[in-house]
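Encoded as structure tokens, the structure appears first; notes follow it.
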Amino acid sequence: MAARGITGTLYIVGTPIGNLEDITVRAARILGEAGLIACEDTRQTHKLLEHLGIRKPTVSYHEHNEAERTADLIARLEQGETIALVSDAGTPLVSDPGYRLVREAAARGIPVVPVPGPSAAITALSASGLPTDSFRFDGFLPAKPGQRRRALELLRDESATLVFYEAPHRIVATLEDIAAVMGEREVVVARELTKIHEEFLRGSAGALAAELKSRTAVKGEITLLIAKSDRPAEIEGSIRDAVEVLQRAGVPRMDAMKQVARERGISKREVYAEMEK
């Protein structure tokens, strides 16, 4: 039992998304030092631990037992045990379980320490050839066609590169929906990242759908990226309303007018004229 007031530490450990050589020195050390490793799938994690020559007790922690397992892991942390949380691949909590555990640990004052590692979303983005100055990660698109199209419609005018994960058996249908909703916008399909059969497909959504549809089967982990919209987003409200909102937030009148002019792509003179009406 730990001394009163002393708790263990929860480490959030990033692991390889494919190539086992991508494990960091720090991640390997933390896994070797942890008293317990909480895994999305213990069988998958055992492969990594065997590769590293690490023998440590493991416990499953996945979407189906996350609620009840969290209480047990918190109790062990409060008793002073050090726990490493890993997912099947990549950085935990990115479209993987772990949110409840991290939130509860933080609420109880238990140290939560991230150990950075690979992420399929960032890995794909870096080699996609699409703009990286602004991007939006939305996990998985809805599986049902109607819901998926509605989600894409809401993102149609997004001024950032869009990044999703997608299942191989849905990728063709998803690309066809992108073509229908967003037109011939540039798309990148990154498949089996860091693995032997790594592949980047670049082109319009329609062309990539046809390419993948012609294959006998599509397999592997997929990250899907969509180029940002080149259409200016519609700006709601009048010029006067926009200026007054900024003023109420404490922005001086002239600065507010300049900001509205920049945001709407018009001259300061036009804004001034509107305000004088």
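Chains: A, B, ... in order of the structure tokens. Residues: from 1 per chain. Ligands: from 1, in order shown.
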Considering only C-alpha atoms, return as a list of chain:residue names whatever protein or nucleic-acid residues lie within 9 Å of Lys219 (chain A), sequence-local ones (same chain, fewer than 2 positions apart) excluded.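 Selected residues are A:Ala167, A:Pro168, A:His169, A:Arg191, A:Glu192, A:Ala217, A:Glu221, A:Ile222.
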DSSP alpha helix (DSSP H) selection over region 4-242 of chain A, as an NGL selection string: :A and (25-33 or 42-52 or 66-78 or 99-107 or 120-128 or 145-155 or 171-182 or 205-213 or 239-242)
Please report, as a tab-separated table, each residue of region 94-202 of chain A lying at most 10 Å from region 65-82 of chain A, together with the nearest pair of atoms and the separation in Å rounded to one decimal; use only C-alpha atoms, and order rows by chain and ascending residue number.
```
residue	atom	partner	partner_atom	distance
A:Pro97	CA	A:Glu66	CA	7.1
A:Gly98	CA	A:Glu66	CA	7.5
A:Tyr99	CA	A:Glu66	CA	9.1
A:Arg100	CA	A:Thr70	CA	6.9
A:Leu101	CA	A:Thr70	CA	5.4
A:Val102	CA	A:Thr70	CA	9.1
A:Glu104	CA	A:Ile74	CA	7.6
A:Ala105	CA	A:Ile74	CA	6.6
A:Arg108	CA	A:Glu78	CA	8.8
A:Gly109	CA	A:Glu78	CA	9.5
A:Ile110	CA	A:Leu77	CA	7.4
A:Pro111	CA	A:Leu77	CA	9.4
```
Since we have the selection now, will you write its residues out, keeping C-alpha atoms, as a PDB file, in the first residue's frame?
```pdb
ATOM      1  CA  PRO A  97     -10.934   4.049 -25.518  1.00  0.00           C
ATOM      2  CA  GLY A  98      -9.340   5.895 -22.603  1.00  0.00           C
ATOM      3  CA  TYR A  99     -11.241   9.163 -22.167  1.00  0.00           C
ATOM      4  CA  ARG A 100     -13.033   8.061 -18.997  1.00  0.00           C
ATOM      5  CA  LEU A 101      -9.866   6.818 -17.353  1.00  0.00           C
ATOM      6  CA  VAL A 102      -7.853   9.966 -18.131  1.00  0.00           C
ATOM      7  CA  GLU A 104     -11.225  10.382 -13.766  1.00  0.00           C
ATOM      8  CA  ALA A 105      -7.502  10.235 -13.003  1.00  0.00           C
ATOM      9  CA  ARG A 108      -8.590  12.779  -8.546  1.00  0.00           C
ATOM     10  CA  GLY A 109      -5.223  14.460  -8.829  1.00  0.00           C
ATOM     11  CA  ILE A 110      -3.474  11.385 -10.239  1.00  0.00           C
ATOM     12  CA  PRO A 111      -0.603  12.379 -12.579  1.00  0.00           C
TER      13      PRO A 111
END
```
Residues of region 80-160 of chain A that have any atom at most 9 Å from an atom of region 223-228 of chain A: could you tabulate them with the shortest-distance atom pair and the distance in Å to one decimal, using only C-alpha atoms, ordered by chain and increasing number, as a Markdown table?
```
| residue | atom | partner | partner_atom | distance |
| --- | --- | --- | --- | --- |
| A:Ala120 | CA | A:Thr223 | CA | 6.9 |
| A:Ala121 | CA | A:Thr223 | CA | 6.6 |
| A:Ala124 | CA | A:Thr223 | CA | 6.7 |
| A:Leu125 | CA | A:Leu225 | CA | 7.5 |
| A:Ser128 | CA | A:Leu225 | CA | 7.8 |
| A:Leu130 | CA | A:Ala227 | CA | 6.3 |
| A:Pro131 | CA | A:Ala227 | CA | 7.5 |
| A:Phe135 | CA | A:Lys228 | CA | 8.3 |
| A:Arg156 | CA | A:Lys228 | CA | 8.4 |
| A:Asp157 | CA | A:Lys228 | CA | 7.6 |
| A:Glu158 | CA | A:Lys228 | CA | 6.1 |
| A:Ser159 | CA | A:Lys228 | CA | 5.1 |
| A:Ala160 | CA | A:Lys228 | CA | 4.7 |
```
Could those residues be written to a file, using C-alpha atoms, as a PDB file, in the first residue's frame?
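Final file, out_9.pdb:
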```
ATOM      1  CA  ALA A 120      -2.141   7.461 -38.292  1.00  0.00           C
ATOM      2  CA  ALA A 121      -3.941  10.784 -38.777  1.00  0.00           C
ATOM      3  CA  ALA A 124      -1.057  10.419 -43.317  1.00  0.00           C
ATOM      4  CA  LEU A 125      -1.426  14.189 -43.250  1.00  0.00           C
ATOM      5  CA  SER A 128      -0.580  13.537 -48.201  1.00  0.00           C
ATOM      6  CA  LEU A 130      -2.604  18.443 -48.918  1.00  0.00           C
ATOM      7  CA  PRO A 131      -2.341  21.712 -46.952  1.00  0.00           C
ATOM      8  CA  PHE A 135      -6.802  20.448 -40.494  1.00  0.00           C
ATOM      9  CA  ARG A 156     -18.601  20.745 -47.428  1.00  0.00           C
ATOM     10  CA  ASP A 157     -17.421  24.318 -46.888  1.00  0.00           C
ATOM     11  CA  GLU A 158     -14.833  23.538 -44.206  1.00  0.00           C
ATOM     12  CA  SER A 159     -11.718  25.672 -44.776  1.00  0.00           C
ATOM     13  CA  ALA A 160      -9.332  23.035 -43.415  1.00  0.00           C
TER      14      ALA A 160
END
```
Restricting the calculation to only C-alpha atoms: of A:Asp138, A:Asp41, A:Asp96, A:Glu270, which residue gets closest to Phe164 (chain A)?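 The shortest atom-to-atom distance to Phe164 (chain A) comes from A:Asp138.
Counting only C-alpha atoms and comparing A:Leu246, A:Val112, A:Val251, A:Ala143, the residue that lies closest to Glu166 (chain A) is A:Ala143.
Compared by their closest atoms to Arg202 (chain A), and using only C-alpha atoms, the residues A:Gly53, A:Gly129, A:Pro92, A:Gly35 rank with A:Gly129 nearest.
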Determine, counting only C-alpha atoms, which protein, DNA and RNA residues have an atom within 6 Å of an atom of region 8-22 of chain A; residues of the same chain fewer than 2 positions away are not included. Present the result as a list in words. Leu77, Gly80, Glu81, Thr82, Ile83, Ala84, Leu85, Val86, Ala89, Gly90, Thr91, Pro111, Val112, Val113, Pro114, Val115, Pro116, Gly117, Pro118, Thr194 and Lys195 of chain A
Which residue of A:Leu212, A:Ala27, A:Tyr165, A:Ile239 approaches Leu141 (chain A) most closely, using only C-alpha atoms: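 Closest to Leu141 (chain A), using only C-alpha atoms: A:Tyr165.
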